[in-house]
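Novice: Have a look at this one.
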Amino acid sequence: MTKDQLQLNRRALLAGASASSAALMLAQNSASAQPAPGRAIVFTHTSVFVSADIMHDDVALAVAGGKIAAIGPTDAILQQYPGADIYDGRGKAILPGLINCHSHVPSTIDRGFNEDFGFPNSAHLGIGINQLLSPEERLLMTSVGALECIKAGTTSVVEFASGISDYAGTLAKAGLRCVFAESISDNDTATDGFTPDKLAKDAPLVFSAKKREAGLQRIADLTAAWNNKENGRIRVFPAVSTAGASSPELLAAIHAMARQNGGGYAIDLSMSVAENDFMKRYRGMTPTAYLAQAGFLGPHLIATHCRYLEDGDIALLGKARTIVSHQAVMAANRGASPPIPALRAAGCTIAYGTDNNSNDMFEVMRVALLTERVRRGDDPMPGMRPQPEDVFEDCTQGGAMAMFQDKVLGSLDIGKIADLVVLDTQRANLAPCGRILSAWIHNGQPSDIESMMVDGVFLMRSRKVLTMDESALIAEADKVGKRVWAKIRAAGRVAIPGRPKNPGI
Ligand SMILES: [Zn+2]
């Protein structure tokens with residue numbers, strides 16, 4: 001196969017290649033999997049989890065016009081919607097879709113080098129991974145990440161990154177509900193200082209009005225291009241990278257922009273000890289205190305990570321009713337345990353995210369439950385809090401609040417948007433079970449998810465993904481990954497920490 005043919009095949013895999021035969025086939029597959037135009041779809045004789053506290057057994061749920069239209073006895077619902085597309089819901093459970101409040105979807109390419117080298121990454125590779133990807137290959141990585149979202153039941157993602165316009169179209173075409181949180185900084189120093197090495201020899205940061213204006217313009221451009229597009233499925237939030245890399249002027253501008261857009265805003269907060277040390281040295285206070293002083297905290301702020309907080313920080317975040325996005329898997333991976341019980345008690349809303357490498361929110365819920373139970377080890381009876389219902393509520397309703405869309409997302413109340421997943425409960429890892437949510441959170445797997453829809457449109461039905469060619473995409477991405485790893489190895493040995501007998505990779 002020539003290089004040109006290879007490129008053409010790759011393009012055909014990407015959602016942008018609408019004229020290709022592959023895209024045409026996908027469109028046909030998707031159309032045949034959806035209810036006929038104007039018809040409802042009714043999930044019959046099934047279990048419905050309206051929210052963590054409201055659950056029904058042996059009912060039907062109707063989706064019409066992209067909304068949850070009715071829930072009730074199957075016979076009555078079928079009479080109400082004659083001619084509806086029927087989805088046999090026996091042995092299934094319908095749940096609200098999972099919401100990922102902090103993702104970096106294209107970072108699937110980082111798998112294998114980012115998980116085992118601490119933070120900031122100590123691997124010191126001879127060459128940067130992203131330098132080895134063409135723009136097209138980066139879109140391929142985005143598609144693989146979006147594919148994982150769909151298969152693992154994530155209906156919404158808050159993508160936090162700088163330069164989202166490069167791959168916004170790919171995420172949108174995957175069919176996911178998205179918030180694009182475009183992150184900027186007005187730090188004009190060569191380094192951000194947030195590593196122990198850099199901190200030891202660093203100087204205070206210098207901020208640049210020119211850089212600030214350029215960043216704000218980038219958010220404004222992304223907002224003009226994407227905010228409220230795709231039937232409102234896409235939103236844009238302004239975001240800043242960190243407290244340390246933001247001047248008070250930038251924080252004020254971002255907060256004002258969020259208010260003007262009627263949406264939320266986001267920041268990475270106290271992700272490392274070095275970040276806290278840096279702020280104390282150059283600002284004389286913690287990152288949280290600095291944000292509070294700038295008037296940046298509030299109920300529409302997604303404060304991501306919050307791993308290393310002092311008691312005063314927790315009180316400030318709670319008083320402002322800030323939303324904390326907890327990346328339970330990545331935090332545990334980094335050996336960190338954010339003070340989630342104290343943040344809950346102080347008044348914060350807890351939501352969840354994946355961060356790098358993985359897009360599996362199901363695993364995040366399970367690890368969030370387990371690690372918070374460890375945190376609560378001093379409870380009179382350890383092992384009881386949180387419950388599966390609590391972490392499910394964090395993920396769905398907390399996530400909907402983080403997206404500033406809790407009136408229409410996060411539960412299957414009638415009139416809300418039909419973002420849902422269909423769970424197959426007839427599985428060796430789940431049966432027998434009388435308490436499905438508990439069985440799923442403790443024993444489930446992403447592959448228990450049989451179908452999922454966003455806006456009442458199936459993105460996966462009966463385990464067939466409808467917005468992309470799954471097997472071809474994975475095969476192509478794997479080829480790219482192997483090439484990238486070969487180049488990294490050629491640039492220098494990658495030593496695996498703590499494995500002296502191992503020659504490395
Ligand atoms: Zn992140």
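Letters for chains follow the order of the structure tokens (A, B, ...), residue numbers begin at 1 for each chain, and ligand numbers begin at 1 in the order shown.
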Dump as JSON lines the rows for residues of chain A within 7 Å of ligand 1: closest atom pair and distance in Å with one decimal, only C-alpha atoms and all ligand atoms counted, ordered by chain and rising residue number.
Specialist:
```
{"residue": "A:His102", "atom": "CA", "partner": "ligand 1", "partner_atom_place_in_ligand_line": "1 (Zn)", "distance": 6.3}
{"residue": "A:Ser103", "atom": "CA", "partner": "ligand 1", "partner_atom_place_in_ligand_line": "1 (Zn)", "distance": 6.4}
{"residue": "A:His104", "atom": "CA", "partner": "ligand 1", "partner_atom_place_in_ligand_line": "1 (Zn)", "distance": 6.5}
{"residue": "A:Phe160", "atom": "CA", "partner": "ligand 1", "partner_atom_place_in_ligand_line": "1 (Zn)", "distance": 6.8}
{"residue": "A:Asp355", "atom": "CA", "partner": "ligand 1", "partner_atom_place_in_ligand_line": "1 (Zn)", "distance": 4.6}
{"residue": "A:Asn356", "atom": "CA", "partner": "ligand 1", "partner_atom_place_in_ligand_line": "1 (Zn)", "distance": 6.3}
```
Novice: Just list as a VMD selection string whatever in stretch 243-396 of chain A DSSP marks as alpha helix (DSSP H).
Specialist: chain A and resid 248 to 261 273 to 283 287 to 293 311 to 319 328 to 333 340 to 346 361 to 375 388 to 393
Novice: Pull C-alpha atoms from the residues just selected and write them as a PDB file, in the first residue's frame.
Specialist:
```pdb
ATOM      1  CA  PRO A 248      -5.253  38.331  38.978  1.00  0.00           C
ATOM      2  CA  GLU A 249      -6.228  40.133  35.752  1.00  0.00           C
ATOM      3  CA  LEU A 250      -6.524  36.854  33.888  1.00  0.00           C
ATOM      4  CA  LEU A 251      -8.606  35.257  36.658  1.00  0.00           C
ATOM      5  CA  ALA A 252     -10.984  38.236  36.603  1.00  0.00           C
ATOM      6  CA  ALA A 253     -11.298  38.095  32.813  1.00  0.00           C
ATOM      7  CA  ILE A 254     -12.039  34.345  32.791  1.00  0.00           C
ATOM      8  CA  HIS A 255     -14.647  34.669  35.528  1.00  0.00           C
ATOM      9  CA  ALA A 256     -16.309  37.557  33.664  1.00  0.00           C
ATOM     10  CA  MET A 257     -16.301  35.583  30.419  1.00  0.00           C
ATOM     11  CA  ALA A 258     -18.016  32.622  32.099  1.00  0.00           C
ATOM     12  CA  ARG A 259     -20.709  34.901  33.523  1.00  0.00           C
ATOM     13  CA  GLN A 260     -21.215  36.512  30.137  1.00  0.00           C
ATOM     14  CA  ASN A 261     -21.573  33.099  28.439  1.00  0.00           C
ATOM     15  CA  VAL A 273       3.167  19.761  46.264  1.00  0.00           C
ATOM     16  CA  ALA A 274       5.570  21.827  44.125  1.00  0.00           C
ATOM     17  CA  GLU A 275       2.674  23.998  42.930  1.00  0.00           C
ATOM     18  CA  ASN A 276       1.739  24.774  46.544  1.00  0.00           C
ATOM     19  CA  ASP A 277       5.379  25.481  47.448  1.00  0.00           C
ATOM     20  CA  PHE A 278       5.709  27.792  44.465  1.00  0.00           C
ATOM     21  CA  MET A 279       2.629  29.809  45.422  1.00  0.00           C
ATOM     22  CA  LYS A 280       3.710  30.106  49.032  1.00  0.00           C
ATOM     23  CA  ARG A 281       7.131  31.352  47.975  1.00  0.00           C
ATOM     24  CA  TYR A 282       5.991  33.904  45.420  1.00  0.00           C
ATOM     25  CA  ARG A 283       2.477  34.810  46.559  1.00  0.00           C
ATOM     26  CA  PRO A 287      -3.219  28.437  45.390  1.00  0.00           C
ATOM     27  CA  THR A 288      -6.760  28.226  46.827  1.00  0.00           C
ATOM     28  CA  ALA A 289      -6.266  31.303  49.000  1.00  0.00           C
ATOM     29  CA  TYR A 290      -4.942  33.171  45.962  1.00  0.00           C
ATOM     30  CA  LEU A 291      -8.045  32.221  43.951  1.00  0.00           C
ATOM     31  CA  ALA A 292     -10.315  33.230  46.820  1.00  0.00           C
ATOM     32  CA  GLN A 293      -8.577  36.606  47.062  1.00  0.00           C
ATOM     33  CA  ASP A 311      -7.804  22.987  56.200  1.00  0.00           C
ATOM     34  CA  GLY A 312      -8.257  26.652  55.310  1.00  0.00           C
ATOM     35  CA  ASP A 313      -8.404  25.769  51.607  1.00  0.00           C
ATOM     36  CA  ILE A 314     -11.128  23.210  52.203  1.00  0.00           C
ATOM     37  CA  ALA A 315     -13.164  25.779  54.123  1.00  0.00           C
ATOM     38  CA  LEU A 316     -12.771  28.351  51.327  1.00  0.00           C
ATOM     39  CA  LEU A 317     -13.749  25.894  48.594  1.00  0.00           C
ATOM     40  CA  GLY A 318     -16.740  24.667  50.604  1.00  0.00           C
ATOM     41  CA  LYS A 319     -17.966  28.140  51.517  1.00  0.00           C
ATOM     42  CA  ALA A 328      -9.829   9.106  41.529  1.00  0.00           C
ATOM     43  CA  VAL A 329      -7.833   6.727  39.336  1.00  0.00           C
ATOM     44  CA  MET A 330      -5.155   9.226  38.350  1.00  0.00           C
ATOM     45  CA  ALA A 331      -4.870  10.542  41.913  1.00  0.00           C
ATOM     46  CA  ALA A 332      -4.342   7.025  43.277  1.00  0.00           C
ATOM     47  CA  ASN A 333      -1.926   6.397  40.436  1.00  0.00           C
ATOM     48  CA  ILE A 340     -12.920  14.176  49.482  1.00  0.00           C
ATOM     49  CA  PRO A 341     -14.816  13.505  52.748  1.00  0.00           C
ATOM     50  CA  ALA A 342     -13.753  16.904  54.138  1.00  0.00           C
ATOM     51  CA  LEU A 343     -14.613  18.662  50.862  1.00  0.00           C
ATOM     52  CA  ARG A 344     -18.072  17.054  50.877  1.00  0.00           C
ATOM     53  CA  ALA A 345     -18.605  18.089  54.490  1.00  0.00           C
ATOM     54  CA  ALA A 346     -17.467  21.659  53.739  1.00  0.00           C
ATOM     55  CA  MET A 361     -15.544   6.593  33.991  1.00  0.00           C
ATOM     56  CA  PHE A 362     -16.833   3.290  35.260  1.00  0.00           C
ATOM     57  CA  GLU A 363     -13.424   2.482  36.720  1.00  0.00           C
ATOM     58  CA  VAL A 364     -13.236   6.007  38.147  1.00  0.00           C
ATOM     59  CA  MET A 365     -16.473   5.455  40.109  1.00  0.00           C
ATOM     60  CA  ARG A 366     -15.222   2.186  41.552  1.00  0.00           C
ATOM     61  CA  VAL A 367     -11.824   3.573  42.555  1.00  0.00           C
ATOM     62  CA  ALA A 368     -13.493   6.715  43.964  1.00  0.00           C
ATOM     63  CA  LEU A 369     -15.646   4.507  46.178  1.00  0.00           C
ATOM     64  CA  LEU A 370     -12.736   2.365  47.345  1.00  0.00           C
ATOM     65  CA  THR A 371     -10.265   5.180  47.973  1.00  0.00           C
ATOM     66  CA  GLU A 372     -12.826   7.308  49.826  1.00  0.00           C
ATOM     67  CA  ARG A 373     -13.595   4.313  52.047  1.00  0.00           C
ATOM     68  CA  VAL A 374      -9.872   4.087  52.835  1.00  0.00           C
ATOM     69  CA  ARG A 375      -9.897   7.821  53.623  1.00  0.00           C
ATOM     70  CA  PRO A 388     -22.507   2.933  45.257  1.00  0.00           C
ATOM     71  CA  GLU A 389     -25.480   5.310  45.047  1.00  0.00           C
ATOM     72  CA  ASP A 390     -23.292   8.145  46.349  1.00  0.00           C
ATOM     73  CA  VAL A 391     -20.562   7.737  43.752  1.00  0.00           C
ATOM     74  CA  PHE A 392     -23.134   7.269  41.002  1.00  0.00           C
ATOM     75  CA  GLU A 393     -24.762  10.522  42.068  1.00  0.00           C
TER      76      GLU A 393
END
```
Novice: Just how far from atom CA of A:Tyr167 is atom CA of A:Ala214, in Å to one decimal?
Specialist: 19.5 Å
Novice: Between A:Ile109, A:Leu301, A:Val179, A:Ala439, which residue has the minimum interatomic distance to A:Ser358, considering only C-alpha atoms?
Specialist: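 For A:Ser358, the nearest of the given residues is A:Ile109.
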Novice: Can you list, as a PyMOL selection string, all residues belonging to stretch 213-290 of chain A that DSSP tags as strand (DSSP E or B)?
Specialist: chain A and resi 234-242+265-269
Novice: Do a neighbour search on A:Ile350 at 9 Å with only C-alpha atoms, toss out local chain neighbours closer than 5 positions, and write the hits as a list of chain:residue names.
Specialist: A:Thr322, A:Ile323, A:Val324, A:Ser325, A:His326, A:Ile340, A:Leu343, A:Arg344, A:Val391, A:Asp394, A:Cys395, A:Gly398, A:Gly399, A:Ala402
Novice: Residues near A:Asn114, anyone? I mean within 10 Å using only C-alpha atoms, not counting same-chain ones fewer than 5 positions away, as number ranges by chain.
Specialist: A: 107, 109, 119-123, 333, 356-357
Novice: Using only C-alpha atoms, which of the listed residues (A:Leu309, A:Gly97, A:Arg483, A:Leu26) sits closest to A:Lys173?
Specialist: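 Looking only at the distances to A:Lys173, the closest residue turns out to be A:Leu26.
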Novice: List the neighbours of A:Phe49 out to 8 Å using only C-alpha atoms; skip same-chain residues closer than 4 positions along the sequence, and give me the result as a list in words.
Specialist: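 Those residues are Ile54, Met55, His56, Ala93, Ile94, Leu95, Pro96 and Leu412 of chain A.
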Novice: Could you work out how far atom CA of A:Arg218 lies from atom CA of A:Ile302, giving the answer in Å with one decimal?
Specialist: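 Atom CA of A:Arg218 lies at a distance of 20.0 Å from atom CA of A:Ile302.
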Novice: Would you kindly return, as JSON, numbers by chain, each protein, DNA or RNA residue with an atom no farther than 9 Å from any atom of A:Gly72, considering only C-alpha atoms and excluding same-chain residues fewer than 5 positions away?
Specialist: {"A": [56, 58, 59, 60, 61, 62, 77]}
Novice: For A:Gln397, list every protein, DNA or RNA residue within 7 Å, evaluated using only C-alpha atoms, and leave out those in the same chain fewer than 6 positions away; present the list as a PyMOL selection string.
Specialist: chain A and resi 406+410-411
Novice: Pick out the closest residue to A:Arg39 from this set: A:Gln405, A:Val480, A:Gly456, A:Ala266. Count only C-alpha atoms.
Specialist: A:Gly456
Novice: Go ahead and compute the interatomic distance for atom CA of A:Asp75 and atom CA of A:Ser32, in Å to one decimal.
Specialist: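 It comes out at 25.5 Å.
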Novice: Nearest residue to A:Gln217 out of A:Pro204, A:Ser270, A:Val484, A:Pro238, using only C-alpha atoms?
Specialist: A:Pro238
Novice: Which is closest to A:Ala491 among A:Gln79, A:Met401, A:Pro73, A:Leu125, if we use only C-alpha atoms?
Specialist: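 Of the candidates, the smallest distance to A:Ala491 is held by A:Leu125.
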